[in-house]
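Engineer: For reference, this is structure00.txt, and it has compact mmCIF, C-alpha atoms.
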# COMPACT_ATOMS: atom_id res chain seq x y z
CA ASN T 5 -4.28 -18.46 37.15
CA ALA T 6 -5.50 -19.86 33.84
CA GLY T 7 -5.40 -16.39 32.23
CA VAL T 8 -7.69 -16.07 29.20
CA THR T 9 -9.43 -19.25 28.08
CA GLN T 10 -11.42 -19.80 24.89
CA THR T 11 -13.72 -22.59 23.79
CA PRO T 12 -14.03 -24.33 21.44
CA LYS T 13 -10.58 -24.61 19.84
CA PHE T 14 -12.03 -25.58 16.45
CA GLN T 15 -15.49 -25.37 14.95
CA VAL T 16 -17.03 -26.11 11.57
CA LEU T 17 -20.37 -24.50 10.76
CA LYS T 18 -22.70 -24.50 7.82
CA THR T 19 -23.87 -21.20 6.35
CA GLY T 20 -26.80 -19.86 8.36
CA GLN T 21 -26.04 -21.74 11.56
CA SER T 22 -25.55 -19.90 14.82
CA MET T 23 -22.99 -20.42 17.55
CA THR T 24 -21.37 -18.78 20.55
CA LEU T 25 -17.63 -18.51 21.10
CA GLN T 26 -16.83 -18.54 24.77
CA CYS T 27 -14.19 -16.43 26.50
CA ALA T 28 -13.35 -16.28 30.19
CA GLN T 29 -10.61 -14.62 32.24
CA ASP T 30 -9.63 -15.06 35.88
CA MET T 31 -7.47 -11.96 36.31
CA ASN T 32 -10.31 -9.64 37.36
CA HIS T 33 -9.68 -7.43 34.34
CA GLU T 34 -12.18 -4.72 33.51
CA TYR T 35 -11.55 -4.68 29.78
CA MET T 36 -12.25 -7.52 27.38
CA SER T 37 -12.25 -7.64 23.58
CA TRP T 38 -12.69 -9.85 20.55
CA TYR T 39 -10.46 -9.81 17.45
CA ARG T 40 -10.46 -11.78 14.25
CA GLN T 41 -7.29 -12.70 12.39
CA ASP T 42 -7.33 -13.33 8.67
CA PRO T 43 -4.29 -14.24 6.54
CA GLY T 44 -2.20 -11.18 5.67
CA MET T 45 -4.47 -8.76 7.55
CA GLY T 46 -3.28 -8.81 11.15
CA LEU T 47 -5.87 -8.67 13.94
CA ARG T 48 -9.00 -6.55 13.68
CA LEU T 49 -11.16 -5.49 16.60
CA ILE T 50 -14.75 -6.80 16.51
CA HIS T 51 -16.29 -5.72 19.84
CA TYR T 52 -14.99 -4.71 23.21
CA SER T 53 -16.23 -4.15 26.76
CA VAL T 54 -14.99 -1.74 29.43
CA GLY T 55 -16.93 -3.44 32.22
CA ALA T 56 -19.90 -5.63 33.06
CA GLY T 57 -22.96 -4.40 31.18
CA ILE T 58 -20.98 -2.12 28.85
CA THR T 59 -20.03 -3.07 25.29
CA ASP T 60 -19.08 -1.18 22.15
CA GLN T 61 -18.29 -1.84 18.51
CA GLY T 62 -14.84 -2.14 17.06
CA GLU T 63 -13.63 -2.00 13.48
CA VAL T 64 -15.58 -5.00 12.08
CA PRO T 65 -18.73 -5.58 14.20
CA ASN T 66 -21.24 -6.62 11.52
CA GLY T 67 -22.59 -10.15 11.96
CA TYR T 68 -21.49 -10.44 15.59
CA ASN T 69 -23.19 -9.78 18.93
CA VAL T 70 -21.69 -9.58 22.40
CA SER T 71 -22.84 -9.14 25.97
CA ARG T 72 -21.00 -8.83 29.28
CA SER T 73 -23.07 -9.96 32.23
CA THR T 74 -20.08 -10.73 34.48
CA THR T 75 -16.51 -9.45 34.77
CA GLU T 76 -15.16 -12.90 33.90
CA ASP T 77 -17.07 -13.81 30.73
CA PHE T 78 -17.40 -12.19 27.32
CA PRO T 79 -19.12 -14.46 24.75
CA LEU T 80 -19.21 -13.68 21.03
CA ARG T 81 -22.32 -14.73 19.12
CA LEU T 82 -22.68 -15.41 15.42
CA LEU T 83 -26.41 -15.35 14.70
CA SER T 84 -26.26 -16.54 11.07
CA ALA T 85 -22.80 -17.66 10.03
CA ALA T 86 -21.42 -16.71 6.61
CA PRO T 87 -18.32 -18.01 4.77
CA SER T 88 -16.78 -14.53 5.20
CA GLN T 89 -16.66 -15.22 8.94
CA THR T 90 -14.17 -18.04 8.46
CA SER T 91 -11.26 -16.84 10.57
CA VAL T 92 -9.32 -17.29 13.76
CA TYR T 93 -10.93 -15.49 16.70
CA PHE T 94 -8.98 -14.19 19.67
CA CYS T 95 -10.30 -12.91 22.95
CA ALA T 96 -8.19 -10.56 25.09
CA SER T 97 -8.43 -8.95 28.50
CA SER T 98 -6.58 -6.11 30.21
CA SER T 99 -6.62 -3.95 33.29
CA GLU T 100 -7.21 -0.23 33.02
CA VAL T 101 -3.69 0.69 31.98
CA GLY T 102 -2.14 -2.70 31.42
CA THR T 103 -1.06 -5.25 28.88
CA GLN T 104 -3.65 -6.99 26.72
CA TYR T 105 -3.52 -10.74 27.38
CA PHE T 106 -4.74 -12.90 24.52
CA GLY T 107 -6.37 -16.31 24.64
CA PRO T 108 -5.24 -19.26 22.48
CA GLY T 109 -7.85 -18.61 19.79
CA THR T 110 -10.79 -20.38 18.15
CA ARG T 111 -10.48 -21.52 14.55
CA LEU T 112 -13.80 -21.25 12.75
CA LEU T 113 -14.62 -22.64 9.32
CA VAL T 114 -17.97 -21.73 7.74
CA LEU T 115 -18.95 -23.87 4.76
CA GLY Q 94 -8.81 6.00 11.32
CA GLU Q 95 -5.32 4.71 11.98
CA ASN Q 96 -3.40 3.32 9.00
CA VAL Q 97 -0.55 0.99 9.99
CA GLU Q 98 2.16 -0.38 7.73
CA GLN Q 99 4.81 -2.85 8.76
CA HIS Q 100 8.02 -3.78 6.93
CA PRO Q 101 9.41 -6.15 5.95
CA SER Q 102 6.70 -8.79 5.65
CA THR Q 103 9.29 -11.57 5.97
CA LEU Q 104 12.80 -11.51 7.40
CA SER Q 105 15.33 -14.32 7.40
CA VAL Q 106 18.50 -14.04 9.49
CA GLN Q 107 21.25 -16.30 10.77
CA GLU Q 108 21.41 -17.10 14.45
CA GLY Q 109 23.34 -14.37 16.24
CA ASP Q 110 22.49 -11.65 13.71
CA SER Q 111 20.33 -8.64 14.50
CA ALA Q 112 16.80 -8.10 13.17
CA VAL Q 113 14.95 -4.83 12.72
CA ILE Q 114 11.24 -4.44 11.94
CA LYS Q 115 9.72 -1.05 11.19
CA CYS Q 116 6.16 0.16 11.75
CA THR Q 117 4.69 3.38 10.37
CA TYR Q 118 1.38 4.85 11.49
CA SER Q 119 -0.82 7.73 10.42
CA ASP Q 120 -2.65 8.98 13.53
CA SER Q 121 -0.55 11.62 15.26
CA ALA Q 122 -2.73 11.19 18.38
CA SER Q 123 -1.42 7.67 18.99
CA ASN Q 124 0.56 7.54 22.21
CA TYR Q 125 1.06 3.83 22.92
CA PHE Q 126 3.34 1.65 20.79
CA PRO Q 127 3.53 -2.08 21.57
CA TRP Q 128 5.07 -5.03 19.78
CA TYR Q 129 3.49 -8.48 19.96
CA LYS Q 130 5.01 -11.87 19.17
CA GLN Q 131 2.79 -14.67 17.88
CA GLU Q 132 4.04 -18.23 17.76
CA LEU Q 133 2.35 -20.81 15.58
CA GLY Q 134 -1.06 -21.80 16.91
CA LYS Q 135 -1.00 -19.32 19.80
CA GLY Q 136 -2.38 -15.91 20.61
CA PRO Q 137 -0.22 -12.76 20.40
CA GLN Q 138 1.96 -11.98 23.41
CA LEU Q 139 3.26 -8.53 24.32
CA ILE Q 140 7.07 -8.45 24.26
CA ILE Q 141 7.79 -4.74 24.65
CA ASP Q 142 5.97 -1.43 24.54
CA ILE Q 143 6.78 2.25 24.66
CA ARG Q 144 4.81 5.36 25.41
CA SER Q 145 5.06 8.64 23.53
CA ASN Q 146 7.09 10.46 26.16
CA VAL Q 147 10.01 8.05 25.72
CA GLY Q 148 12.25 7.65 22.66
CA GLU Q 149 13.76 4.24 23.36
CA LYS Q 150 13.22 1.28 25.65
CA LYS Q 151 15.34 -1.82 26.04
CA ASP Q 152 14.69 -5.20 27.63
CA GLN Q 153 17.65 -7.57 27.36
CA ARG Q 154 17.96 -8.46 23.64
CA ILE Q 155 14.86 -6.54 22.59
CA ALA Q 156 14.53 -2.78 22.10
CA VAL Q 157 11.93 -0.42 20.66
CA THR Q 158 12.70 3.03 19.27
CA LEU Q 159 10.11 5.70 18.56
CA ASN Q 160 10.22 8.66 16.18
CA LYS Q 161 6.96 10.56 16.76
CA THR Q 162 7.85 13.30 14.28
CA ALA Q 163 8.19 10.79 11.45
CA LYS Q 164 5.42 8.59 12.90
CA HIS Q 165 7.29 5.35 12.99
CA PHE Q 166 8.67 2.96 15.60
CA SER Q 167 10.94 -0.03 15.27
CA LEU Q 168 11.61 -3.34 16.97
CA HIS Q 169 15.26 -4.35 17.34
CA ILE Q 170 16.28 -7.89 18.28
CA THR Q 171 19.97 -8.53 18.87
CA GLU Q 172 21.80 -11.88 19.05
CA THR Q 173 18.82 -13.66 17.50
CA GLN Q 174 18.06 -17.23 18.49
CA PRO Q 175 15.95 -19.91 16.74
CA GLU Q 176 13.24 -19.45 19.39
CA ASP Q 177 12.81 -15.87 18.19
CA SER Q 178 11.24 -17.29 15.01
CA ALA Q 179 7.62 -16.12 15.00
CA VAL Q 180 5.32 -13.48 13.55
CA TYR Q 181 5.72 -10.01 15.05
CA PHE Q 182 2.99 -7.36 15.04
CA CYS Q 183 3.07 -3.68 15.84
CA ALA Q 184 -0.18 -2.23 17.20
CA PRO Q 185 -0.12 1.54 17.79
CA GLY Q 186 -3.03 2.99 19.73
CA MET Q 187 -4.33 5.27 22.41
CA ASN Q 188 -3.37 4.41 25.96
CA THR Q 189 -6.48 5.91 27.54
CA GLY Q 190 -8.45 3.28 29.41
CA PHE Q 191 -9.13 0.51 26.93
CA GLN Q 192 -6.21 0.22 24.51
CA LYS Q 193 -7.94 0.37 21.13
CA LEU Q 194 -5.13 -1.07 19.07
CA VAL Q 195 -4.79 -1.24 15.28
CA PHE Q 196 -2.53 -4.12 14.29
CA GLY Q 197 -0.05 -4.12 11.45
CA THR Q 198 -0.07 -6.99 8.96
CA GLY Q 199 2.82 -8.76 10.66
CA THR Q 200 6.45 -9.71 9.97
CA ARG Q 201 7.44 -13.34 9.78
CA LEU Q 202 10.92 -13.71 11.29
CA LEU Q 203 12.88 -16.87 10.59
CA VAL Q 204 16.13 -17.42 12.49
CA SER Q 205 18.26 -20.18 11.03
CA PRO Q 206 20.76 -22.05 13.23
Would you kindly transcribe this structure into structure tokens?
Structural biologist:
Amino acid sequence: NAGVTQTPKFQVLKTGQSMTLQCAQDMNHEYMSWYRQDPGMGLRLIHYSVGAGITDQGEVPNGYNVSRSTTEDFPLRLLSAAPSQTSVYFCASSSEVGTQYFGPGTRLLVL
Amino acid sequence: GENVEQHPSTLSVQEGDSAVIKCTYSDSASNYFPWYKQELGKGPQLIIDIRSNVGEKKDQRIAVTLNKTAKHFSLHITETQPEDSAVYFCAPGMNTGFQKLVFGTGTRLLVSP
């Protein structure tokens, strides 16, 4: 199993551009989530999903959209990037009562 | 919401020494207490967790202790090795379905040979 995979690894955007961060898992986990990690602030939950077709907001959802059309994929969309969205983004998946497995992360720089 | 504090923010020890990291939380409803290890350039990885009906759990050189009355739990690493050098995060939360975790700000552990 590949576990949780994320693409791209690095991305540079200009303010106002849009992009989608991809996340996929091959463990048949029901739950998937997106976090951002900023220096000195730990990880903060952006959005999460408890199953295909079901998503909900986390602690810092503004400026991000998500959808979950399949169990395997959970993309994160930035519709109009802002410098405040410069961060490292982690996707995670888990089973109903299990460990959260994190992907390797996407480093995003918004100029 | 949950307020999580983690201490110390950095910890330097000699190989073979013990290391202790403490996490305090505010939400008395929290019932799931994990510790994650994050190596440079990688995502966090769960190393040990404990649920609120247990006071202590041990896995080889790693242990977690929980004091629900005082609302804090601690990570203990014995016989530290250079490969233990990493950033450690506590993330207390509710273990009901999706684990909605609130991460601490992290402790950078450096183990010198």
Engineer: Which polymer residues, protein or nucleic acid, are no farther than 8 Å from (12.5, -2.4, 17.2), counting all atoms listed in the file, as an mmCIF file with C-alpha atoms, in the coordinates of the input?
Structural biologist:
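out_2.cif was written with the following content:
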data_model
loop_
_atom_site.group_PDB
_atom_site.id
_atom_site.type_symbol
_atom_site.label_atom_id
_atom_site.label_comp_id
_atom_site.auth_asym_id
_atom_site.auth_seq_id
_atom_site.Cartn_x
_atom_site.Cartn_y
_atom_site.Cartn_z
ATOM 1 C CA VAL Q 113 14.950 -4.830 12.720
ATOM 2 C CA ILE Q 114 11.240 -4.440 11.940
ATOM 3 C CA LYS Q 115 9.720 -1.050 11.190
ATOM 4 C CA ILE Q 155 14.860 -6.540 22.590
ATOM 5 C CA ALA Q 156 14.530 -2.780 22.100
ATOM 6 C CA VAL Q 157 11.930 -0.420 20.660
ATOM 7 C CA THR Q 158 12.700 3.030 19.270
ATOM 8 C CA PHE Q 166 8.670 2.960 15.600
ATOM 9 C CA SER Q 167 10.940 -0.030 15.270
ATOM 10 C CA LEU Q 168 11.610 -3.340 16.970
ATOM 11 C CA HIS Q 169 15.260 -4.350 17.340
ATOM 12 C CA ILE Q 170 16.280 -7.890 18.280
#
Engineer: Show me which bits of chain Q are within 9 Å of chain T, counting all atoms listed in the file, as an NGL selection string.
Structural biologist: :Q and (134-139 or 182 or 188-199)
Engineer: Write out the residues from the selection above, keeping C-alpha atoms, as a compact mmCIF listing (two decimals), in the frame of the given file.
Structural biologist:
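Generated output (selection36.txt):
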# COMPACT_ATOMS: atom_id res chain seq x y z
CA GLY Q 134 -1.06 -21.80 16.91
CA LYS Q 135 -1.00 -19.32 19.80
CA GLY Q 136 -2.38 -15.91 20.61
CA PRO Q 137 -0.22 -12.76 20.40
CA GLN Q 138 1.96 -11.98 23.41
CA LEU Q 139 3.26 -8.53 24.32
CA PHE Q 182 2.99 -7.36 15.04
CA ASN Q 188 -3.37 4.41 25.96
CA THR Q 189 -6.48 5.91 27.54
CA GLY Q 190 -8.45 3.28 29.41
CA PHE Q 191 -9.13 0.51 26.93
CA GLN Q 192 -6.21 0.22 24.51
CA LYS Q 193 -7.94 0.37 21.13
CA LEU Q 194 -5.13 -1.07 19.07
CA VAL Q 195 -4.79 -1.24 15.28
CA PHE Q 196 -2.53 -4.12 14.29
CA GLY Q 197 -0.05 -4.12 11.45
CA THR Q 198 -0.07 -6.99 8.96
CA GLY Q 199 2.82 -8.76 10.66
Engineer: Do you know which residues are at most 7 Å from Gly109 in chain Q counting all atoms listed in the file, after dropping those on the same chain fewer than 2 positions away, and could you put them as a list in words?
Structural biologist: Gln107, Ser111, Glu172, Thr173 and Gln174 of chain Q
Engineer: Find the residues near His51 in chain T: any atom within 8 Å, counting all atoms listed in the file, skip ones fewer than 3 places away on the same chain, and give them as a ChimeraX atom specification.
Structural biologist: /T:37-39,59-65,70
Engineer: Up to 10 Å from (17.3, 7.3, 24.0) in the file's coordinates: name the residues, counting only C-alpha atoms, as number ranges by chain.
Structural biologist: Q: 147-151, 157-159
Engineer: As an exercise, work out the distance from CA of Met23 in chain T to CA of Leu133 in chain Q in Å and give it to one decimal place.
Structural biologist: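 Straight-line distance from CA of Met23 in chain T to CA of Leu133 in chain Q works out to 25.4 Å.
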Engineer: Using all atoms listed in the file, which protein or nucleic acid residues come within 9 Å of range 24-26 of chain T? Drop anything in the same chain fewer than 6 positions from it, and give the result as a PDB file with C-alpha atoms, in the coordinates of the input.
Structural biologist:
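Saved as part.pdb:
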ATOM      1  CA  THR T   9      -9.430 -19.250  28.080  1.00  0.00           C
ATOM      2  CA  GLN T  10     -11.420 -19.800  24.890  1.00  0.00           C
ATOM      3  CA  THR T  11     -13.720 -22.590  23.790  1.00  0.00           C
ATOM      4  CA  PRO T  12     -14.030 -24.330  21.440  1.00  0.00           C
ATOM      5  CA  ASP T  77     -17.070 -13.810  30.730  1.00  0.00           C
ATOM      6  CA  PHE T  78     -17.400 -12.190  27.320  1.00  0.00           C
ATOM      7  CA  PRO T  79     -19.120 -14.460  24.750  1.00  0.00           C
ATOM      8  CA  LEU T  80     -19.210 -13.680  21.030  1.00  0.00           C
ATOM      9  CA  ARG T  81     -22.320 -14.730  19.120  1.00  0.00           C
ATOM     10  CA  LEU T  82     -22.680 -15.410  15.420  1.00  0.00           C
ATOM     11  CA  LEU T  83     -26.410 -15.350  14.700  1.00  0.00           C
ATOM     12  CA  TYR T  93     -10.930 -15.490  16.700  1.00  0.00           C
ATOM     13  CA  CYS T  95     -10.300 -12.910  22.950  1.00  0.00           C
ATOM     14  CA  THR T 110     -10.790 -20.380  18.150  1.00  0.00           C
TER      15      THR T 110
END
Engineer: Go through Q:Asp177, Q:Pro185, Q:Val97, Q:Ala112 one by one, measure the shortest atom-to-atom distance of each to Lys130 in chain Q using only C-alpha atoms, and give the residue with the smallest value.
Structural biologist: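 Nearest to Lys130 in chain Q: Q:Asp177.
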Engineer: So, counting only C-alpha atoms, which residue among Q:Tyr125, Q:Gly94, Q:Thr103, Q:Ile143 is closest to Met187 in chain Q?
Structural biologist: Q:Tyr125
Engineer: I'd like to know which of Q:Ser145, Q:Asp110, Q:Ser102, Q:Arg201 is closest to Lys164 in chain Q, using all atoms listed in the file.
Structural biologist: Q:Ser145
Engineer: Can range 36-47 of chain T be brought up to all heavy atoms and written out as an mmCIF file, in the frame of the given file?
Structural biologist:
data_model
loop_
_atom_site.group_PDB
_atom_site.id
_atom_site.type_symbol
_atom_site.label_atom_id
_atom_site.label_comp_id
_atom_site.auth_asym_id
_atom_site.auth_seq_id
_atom_site.Cartn_x
_atom_site.Cartn_y
_atom_site.Cartn_z
ATOM 1 N N MET T 36 -12.324 -6.312 28.182
ATOM 2 C CA MET T 36 -12.250 -7.520 27.380
ATOM 3 C C MET T 36 -12.595 -7.172 25.934
ATOM 4 O O MET T 36 -13.320 -6.207 25.679
ATOM 5 C CB MET T 36 -13.179 -8.607 27.899
ATOM 6 C CG MET T 36 -12.797 -9.090 29.297
ATOM 7 S SD MET T 36 -13.766 -10.502 29.873
ATOM 8 C CE MET T 36 -13.050 -11.835 28.874
ATOM 9 N N SER T 37 -12.066 -7.969 24.992
ATOM 10 C CA SER T 37 -12.250 -7.640 23.580
ATOM 11 C C SER T 37 -12.179 -8.894 22.734
ATOM 12 O O SER T 37 -11.640 -9.918 23.172
ATOM 13 C CB SER T 37 -11.191 -6.628 23.125
ATOM 14 O OG SER T 37 -9.886 -7.080 23.465
ATOM 15 N N TRP T 38 -12.749 -8.785 21.543
ATOM 16 C CA TRP T 38 -12.690 -9.850 20.550
ATOM 17 C C TRP T 38 -12.042 -9.322 19.274
ATOM 18 O O TRP T 38 -12.394 -8.224 18.798
ATOM 19 C CB TRP T 38 -14.091 -10.359 20.208
ATOM 20 C CG TRP T 38 -14.618 -11.371 21.167
ATOM 21 C CD1 TRP T 38 -15.518 -11.168 22.165
ATOM 22 C CD2 TRP T 38 -14.295 -12.768 21.203
ATOM 23 N NE1 TRP T 38 -15.766 -12.342 22.828
ATOM 24 C CE2 TRP T 38 -15.029 -13.347 22.250
ATOM 25 C CE3 TRP T 38 -13.453 -13.589 20.438
ATOM 26 C CZ2 TRP T 38 -14.954 -14.699 22.575
ATOM 27 C CZ3 TRP T 38 -13.379 -14.930 20.758
ATOM 28 C CH2 TRP T 38 -14.122 -15.481 21.813
ATOM 29 N N TYR T 39 -11.120 -10.118 18.718
ATOM 30 C CA TYR T 39 -10.460 -9.810 17.450
ATOM 31 C C TYR T 39 -10.647 -10.993 16.511
ATOM 32 O O TYR T 39 -10.779 -12.127 16.939
ATOM 33 C CB TYR T 39 -8.956 -9.607 17.648
ATOM 34 C CG TYR T 39 -8.560 -8.410 18.486
ATOM 35 C CD1 TYR T 39 -8.551 -8.474 19.871
ATOM 36 C CD2 TYR T 39 -8.160 -7.221 17.882
ATOM 37 C CE1 TYR T 39 -8.175 -7.378 20.635
ATOM 38 C CE2 TYR T 39 -7.776 -6.124 18.644
ATOM 39 C CZ TYR T 39 -7.785 -6.216 20.012
ATOM 40 O OH TYR T 39 -7.399 -5.134 20.770
ATOM 41 N N ARG T 40 -10.585 -10.713 15.230
ATOM 42 C CA ARG T 40 -10.460 -11.780 14.250
ATOM 43 C C ARG T 40 -9.151 -11.601 13.497
ATOM 44 O O ARG T 40 -8.682 -10.471 13.282
ATOM 45 C CB ARG T 40 -11.649 -11.817 13.292
ATOM 46 C CG ARG T 40 -11.882 -10.581 12.461
ATOM 47 C CD ARG T 40 -13.066 -10.784 11.493
ATOM 48 N NE ARG T 40 -12.716 -11.698 10.401
ATOM 49 C CZ ARG T 40 -13.591 -12.148 9.515
ATOM 50 N NH1 ARG T 40 -14.869 -11.787 9.575
ATOM 51 N NH2 ARG T 40 -13.204 -12.968 8.551
ATOM 52 N N GLN T 41 -8.561 -12.730 13.105
ATOM 53 C CA GLN T 41 -7.290 -12.700 12.390
ATOM 54 C C GLN T 41 -7.433 -13.456 11.086
ATOM 55 O O GLN T 41 -7.687 -14.663 11.086
ATOM 56 C CB GLN T 41 -6.167 -13.310 13.230
ATOM 57 C CG GLN T 41 -4.805 -13.212 12.558
ATOM 58 C CD GLN T 41 -3.680 -13.687 13.446
ATOM 59 O OE1 GLN T 41 -3.848 -14.568 14.280
ATOM 60 N NE2 GLN T 41 -2.509 -13.090 13.280
ATOM 61 N N ASP T 42 -7.272 -12.742 9.994
ATOM 62 C CA ASP T 42 -7.330 -13.330 8.670
ATOM 63 C C ASP T 42 -5.937 -13.277 8.049
ATOM 64 O O ASP T 42 -5.137 -12.402 8.381
ATOM 65 C CB ASP T 42 -8.321 -12.564 7.797
ATOM 66 C CG ASP T 42 -9.714 -12.567 8.380
ATOM 67 O OD1 ASP T 42 -10.236 -13.674 8.598
ATOM 68 O OD2 ASP T 42 -10.269 -11.490 8.651
ATOM 69 N N PRO T 43 -5.622 -14.198 7.131
ATOM 70 C CA PRO T 43 -4.290 -14.240 6.540
ATOM 71 C C PRO T 43 -3.910 -12.896 5.920
ATOM 72 O O PRO T 43 -4.669 -12.319 5.144
ATOM 73 C CB PRO T 43 -4.417 -15.336 5.477
ATOM 74 C CG PRO T 43 -5.507 -16.211 5.974
ATOM 75 C CD PRO T 43 -6.482 -15.285 6.643
ATOM 76 N N GLY T 44 -2.715 -12.404 6.274
ATOM 77 C CA GLY T 44 -2.200 -11.180 5.670
ATOM 78 C C GLY T 44 -2.849 -9.909 6.135
ATOM 79 O O GLY T 44 -2.576 -8.836 5.597
ATOM 80 N N MET T 45 -3.734 -9.975 7.150
ATOM 81 C CA MET T 45 -4.470 -8.760 7.550
ATOM 82 C C MET T 45 -4.287 -8.403 9.023
ATOM 83 O O MET T 45 -4.926 -7.497 9.508
ATOM 84 C CB MET T 45 -5.948 -8.926 7.250
ATOM 85 C CG MET T 45 -6.250 -9.058 5.777
ATOM 86 S SD MET T 45 -8.011 -8.990 5.424
ATOM 87 C CE MET T 45 -8.342 -7.264 5.746
ATOM 88 N N GLY T 46 -3.429 -9.128 9.744
ATOM 89 C CA GLY T 46 -3.280 -8.810 11.150
ATOM 90 C C GLY T 46 -4.568 -9.078 11.919
ATOM 91 O O GLY T 46 -5.455 -9.774 11.455
ATOM 92 N N LEU T 47 -4.684 -8.504 13.104
ATOM 93 C CA LEU T 47 -5.870 -8.670 13.940
ATOM 94 C C LEU T 47 -6.756 -7.432 13.822
ATOM 95 O O LEU T 47 -6.262 -6.303 13.825
ATOM 96 C CB LEU T 47 -5.482 -8.862 15.406
ATOM 97 C CG LEU T 47 -4.972 -10.239 15.810
ATOM 98 C CD1 LEU T 47 -3.520 -10.421 15.425
ATOM 99 C CD2 LEU T 47 -5.137 -10.446 17.314
#
